[in-house]
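Worksheet: the structure to be examined is printed underneath.
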Amino acid sequence: MLSSECGFLVRRFAPLEHEKLSKIPKSEKQVLFDRLLSKFEIDLNLPHVRQCVNNIMGGRYRDMRHWMYDHYLDYPSFEEALKHPYPSICPDDWDWLCHNIYNFASFQTQSTKNKANCAKLSYVHCGGSRPFINYLEDDMIDGEIELFRVTHFSKTKGWVNEVAHSNHGQMIEIQQQQQTDLEEAEPLTQRETCIEVLGKKSCYFRGLGNGPRPTSTHGVDTSEADRLHGIISSQQSRLYSQDVDLQEQKNIIDQLESRLSEFEGMMQQFFFSQGTTFRFTNSAT
């Protein structure tokens with residue numbers, strides 16, 4: 001829900017004449033934050049909250065610019081593309097993008113490099129915009145191996161590709177082998193099994209999305225920090241869920257109070273027409 005709202009605000013209100021979201025002036029970016037705060041009770045003064053929102057909005061900004069450039073490439077020439085603005089943006093913005101971004105050789109070169117890098121990915125997940133930490137908190141998800149299956153397998157389309165299917169099979173095989181090998185002193189955890197099969201990078205565990213960080217490549221053991229980070233992330237998600245529930249309850253109360261006020265007005269009109277008076281009594285007092 002937060003991610004969807006961030007996407008809507010970026011597409012509707014973010015200025016387009018910037019390379020990325022971080023380049024937008026603070027005063028203009030604050031407009032997006034203010035609109036977000038009008039719908040969500042979050043504290044952007046907390047560094048981790050602001051970073052999370054910036055990351056989500058930054059991703060949606062990149063997506064929007066990517067879709068626009070794909071639209072630009074649909075036409076055989078610069079002149080033809082200029083005549084057909086991307087839907088939902090004003091012609092002046094499209095004109096600026098075409099002249100100042102898309103027609104530059106430096107941008108086209110970087111775009112080619114980015115496409116080449118994306119082509120190197122073995123596969124992409126199908127878990128949507130929902131944070132992986134939320135999947136792990138779901139009672140139906142039993143550990144990181146099941147998380148990998150849920151985010152790379154669809155009941156309608158099957159596995160995202162055969163590589164993902166094979167990797168999941170290797171994880172299951174390792175787990176089953178450990179169950180039959182009674183001499184194994186310390187069997188691998190599900191997370192360790194994922195790392196064994198998928199590997200890890202310096203910034204995140206492959207296949208597990210944003211969340212706990214692997215041990216630093218500089219030799220500093222960050223396992224305790226990772227554990228605390230996971231606890232904090234879990235608590236933040238639960239608090240956010242509680243805030244949403246409280247807001248829903250508040251909306252219900254507001255609706256009931258509105259209906260009660262209307263009913264009281266109708267009763268007053270009725271008794272007035274009968275020549276009597278009506279006084280509302282609050283039974284709770």
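Labels used: A, B, ... for chains in the order of the structure tokens, numbers from 1 for residues in each chain, and numbers from 1 for ligands as shown.
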
For range 31-43 of chain A: contacts at 8 Å, only C-alpha atoms, fewer than 6 positions along chain excluded, given as a CSV table (one decimal) with C-alpha atoms, in the first residue's frame:
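Here's the written file selection_8.csv:
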```csv
chain,number,residue,atom,x,y,z
A,2,LEU,CA,2.8,2.4,0.9
A,5,GLU,CA,1.1,5.4,-3.0
A,6,CYS,CA,4.7,6.3,-3.5
A,9,LEU,CA,2.8,10.4,-6.1
A,10,VAL,CA,6.0,10.1,-8.2
A,13,PHE,CA,3.8,15.1,-9.0
A,14,ALA,CA,7.6,14.5,-9.3
A,49,VAL,CA,12.0,5.6,7.7
A,50,ARG,CA,13.1,8.5,5.4
A,243,ASP,CA,-1.1,1.7,13.0
```

For Gly58 in chain A, list every protein, DNA or RNA residue within 8 Å, evaluated using only C-alpha atoms, and leave out those in the same chain fewer than 3 positions away; present the list as a ChimeraX atom specification.
-> /A:20-22,54-55,61-62

Output all heavy atoms for every residue in that selection, as a CSV table (one decimal), in the first residue's frame.
```
chain,number,residue,atom,x,y,z
A,20,LYS,N,17.7,11.7,-11.5
A,20,LYS,CA,17.2,10.7,-10.6
A,20,LYS,C,16.5,11.5,-9.4
A,20,LYS,O,16.7,12.7,-9.3
A,20,LYS,CB,18.2,9.7,-10.1
A,20,LYS,CG,19.5,10.4,-9.6
A,20,LYS,CD,20.6,9.3,-9.3
A,20,LYS,CE,21.9,10.0,-8.9
A,20,LYS,NZ,22.9,8.9,-8.7
A,21,LEU,N,15.8,10.7,-8.6
A,21,LEU,CA,15.1,11.4,-7.5
A,21,LEU,C,16.0,12.2,-6.5
A,21,LEU,O,15.6,13.2,-6.1
A,21,LEU,CB,14.3,10.3,-6.7
A,21,LEU,CG,13.3,10.9,-5.7
A,21,LEU,CD1,12.0,11.3,-6.4
A,21,LEU,CD2,13.0,9.8,-4.6
A,22,SER,N,17.2,11.6,-6.3
A,22,SER,CA,18.1,12.3,-5.3
A,22,SER,C,18.5,13.7,-5.8
A,22,SER,O,19.0,14.5,-5.1
A,22,SER,CB,19.3,11.4,-5.1
A,22,SER,OG,20.0,11.2,-6.2
A,54,ASN,N,12.6,7.1,0.6
A,54,ASN,CA,13.5,7.6,-0.5
A,54,ASN,C,13.8,6.5,-1.5
A,54,ASN,O,13.8,6.6,-2.7
A,54,ASN,CB,14.8,8.2,0.0
A,54,ASN,CG,14.6,9.7,0.4
A,54,ASN,OD1,13.9,10.4,-0.3
A,54,ASN,ND2,15.3,10.1,1.4
A,55,ASN,N,14.1,5.3,-0.9
A,55,ASN,CA,14.4,4.1,-1.8
A,55,ASN,C,13.2,3.7,-2.6
A,55,ASN,O,13.4,3.4,-3.8
A,55,ASN,CB,14.9,3.0,-0.9
A,55,ASN,CG,16.3,3.2,-0.3
A,55,ASN,OD1,17.0,4.1,-0.7
A,55,ASN,ND2,16.6,2.4,0.7
A,61,TYR,N,10.7,6.3,-9.5
A,61,TYR,CA,11.1,7.3,-10.4
A,61,TYR,C,11.9,6.7,-11.6
A,61,TYR,O,11.7,7.1,-12.7
A,61,TYR,CB,12.0,8.3,-9.7
A,61,TYR,CG,12.2,9.7,-10.4
A,61,TYR,CD1,11.2,10.6,-10.4
A,61,TYR,CD2,13.4,9.9,-11.0
A,61,TYR,CE1,11.5,11.8,-11.1
A,61,TYR,CE2,13.7,11.1,-11.7
A,61,TYR,CZ,12.7,12.1,-11.7
A,61,TYR,OH,12.9,13.2,-12.4
A,62,ARG,N,12.8,5.8,-11.2
A,62,ARG,CA,13.6,5.1,-12.3
A,62,ARG,C,12.7,4.3,-13.2
A,62,ARG,O,12.8,4.3,-14.4
A,62,ARG,CB,14.6,4.1,-11.6
A,62,ARG,CG,15.8,4.8,-11.0
A,62,ARG,CD,16.9,3.8,-10.6
A,62,ARG,NE,16.4,2.8,-9.7
A,62,ARG,CZ,16.4,2.9,-8.4
A,62,ARG,NH1,16.9,4.0,-7.8
A,62,ARG,NH2,16.0,1.8,-7.7
```

Using only C-alpha atoms, find the one residue out of A:Ser77, A:Thr189, A:Asn100, A:Asn167 that sits nearest to Tyr123 in chain A.
->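 So, comparing all the options, the nearest one is A:Asn167.
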
From the DSSP assignment of the backbone, select every residue of range 37-213 of chain A that is alpha helix (DSSP H), and format the answer as a PyMOL selection string.
-> chain A and resi 37+47-73+78-83+91-97+105-119+132-137+144-152+162-180+190-198

Skip range 169-181 of chain A itself and residues of its chain fewer than 3 positions away, then list as a list in words all residues within 8 Å of it, counting only C-alpha atoms.
-> Ile145, His165, Ser166, Glu184, Pro187, Leu188, Gln190, Thr193, Cys194 and Val197 of chain A

Contacts of Met68 in chain A within 7 Å, only C-alpha atoms, excl. fewer than 4 positions in-chain, as a ChimeraX atom specification | /A:64,72,86

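Look at Asp70 in chain A: the protein and nucleic acid residues within 12 Å of it, using only C-alpha atoms and passing over chain neighbours fewer than 2 places away, are Asp63, Met64, Arg65, His66, Trp67, Met68, Tyr72, Leu73, Asp74, Tyr75, Ala81, Pro85, Tyr86, Tyr102, Gln108, Ser111 and Lys115 of chain A.
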
Next, the residues of the selection above should be written as a tab-separated table (two decimals), in the first residue's frame with N, CA, C and O atoms.
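What ended up in selection-v1.tsv:
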```tsv
chain	number	residue	atom	x	y	z
A	63	ASP	N	11.66	3.60	-12.60
A	63	ASP	CA	10.71	2.84	-13.42
A	63	ASP	C	9.99	3.75	-14.41
A	63	ASP	O	9.85	3.41	-15.59
A	64	MET	N	9.54	4.91	-13.91
A	64	MET	CA	8.80	5.83	-14.77
A	64	MET	C	9.67	6.32	-15.93
A	64	MET	O	9.24	6.34	-17.08
A	65	ARG	N	10.91	6.69	-15.62
A	65	ARG	CA	11.81	7.16	-16.66
A	65	ARG	C	12.12	6.04	-17.67
A	65	ARG	O	12.28	6.29	-18.87
A	66	HIS	N	12.21	4.82	-17.17
A	66	HIS	CA	12.46	3.67	-18.05
A	66	HIS	C	11.29	3.46	-19.00
A	66	HIS	O	11.49	3.23	-20.21
A	67	TRP	N	10.05	3.53	-18.49
A	67	TRP	CA	8.88	3.34	-19.34
A	67	TRP	C	8.81	4.43	-20.41
A	67	TRP	O	8.45	4.16	-21.56
A	68	MET	N	9.16	5.65	-20.02
A	68	MET	CA	9.13	6.76	-20.98
A	68	MET	C	10.16	6.57	-22.08
A	68	MET	O	9.90	6.85	-23.25
A	72	TYR	N	9.83	6.22	-26.12
A	72	TYR	CA	10.64	7.01	-27.05
A	72	TYR	C	11.25	6.11	-28.14
A	72	TYR	O	11.26	6.46	-29.32
A	73	LEU	N	11.71	4.93	-27.74
A	73	LEU	CA	12.36	4.02	-28.68
A	73	LEU	C	11.38	3.33	-29.61
A	73	LEU	O	11.79	2.69	-30.59
A	74	ASP	N	10.07	3.45	-29.31
A	74	ASP	CA	9.07	2.83	-30.18
A	74	ASP	C	8.99	3.52	-31.54
A	74	ASP	O	8.39	2.96	-32.48
A	75	TYR	N	9.57	4.72	-31.66
A	75	TYR	CA	9.46	5.48	-32.89
A	75	TYR	C	10.79	5.49	-33.63
A	75	TYR	O	11.86	5.49	-33.02
A	81	ALA	N	9.27	10.60	-32.46
A	81	ALA	CA	9.06	10.43	-31.02
A	81	ALA	C	8.60	11.73	-30.39
A	81	ALA	O	7.75	11.74	-29.48
A	85	PRO	N	3.99	12.32	-27.39
A	85	PRO	CA	4.36	12.34	-25.97
A	85	PRO	C	3.90	11.08	-25.25
A	85	PRO	O	2.92	10.43	-25.64
A	86	TYR	N	4.62	10.76	-24.21
A	86	TYR	CA	4.22	9.64	-23.35
A	86	TYR	C	2.88	9.97	-22.71
A	86	TYR	O	2.65	11.10	-22.27
A	102	TYR	N	17.01	12.05	-23.73
A	102	TYR	CA	16.98	10.88	-24.60
A	102	TYR	C	17.81	11.04	-25.87
A	102	TYR	O	18.28	10.04	-26.42
A	108	GLN	N	22.25	7.48	-24.03
A	108	GLN	CA	22.02	6.28	-24.82
A	108	GLN	C	23.09	5.22	-24.55
A	108	GLN	O	22.78	4.03	-24.49
A	111	SER	N	22.32	3.72	-21.16
A	111	SER	CA	21.15	2.85	-21.28
A	111	SER	C	21.53	1.50	-21.88
A	111	SER	O	21.05	0.45	-21.42
A	115	LYS	N	21.14	-2.17	-20.01
A	115	LYS	CA	20.43	-3.31	-20.59
A	115	LYS	C	21.32	-4.54	-20.63
A	115	LYS	O	20.87	-5.66	-20.38
```

Rounded to one decimal place, report the CA of Lys29 in chain A-CA of Met57 in chain A distance in Å.
-> 10.1 Å
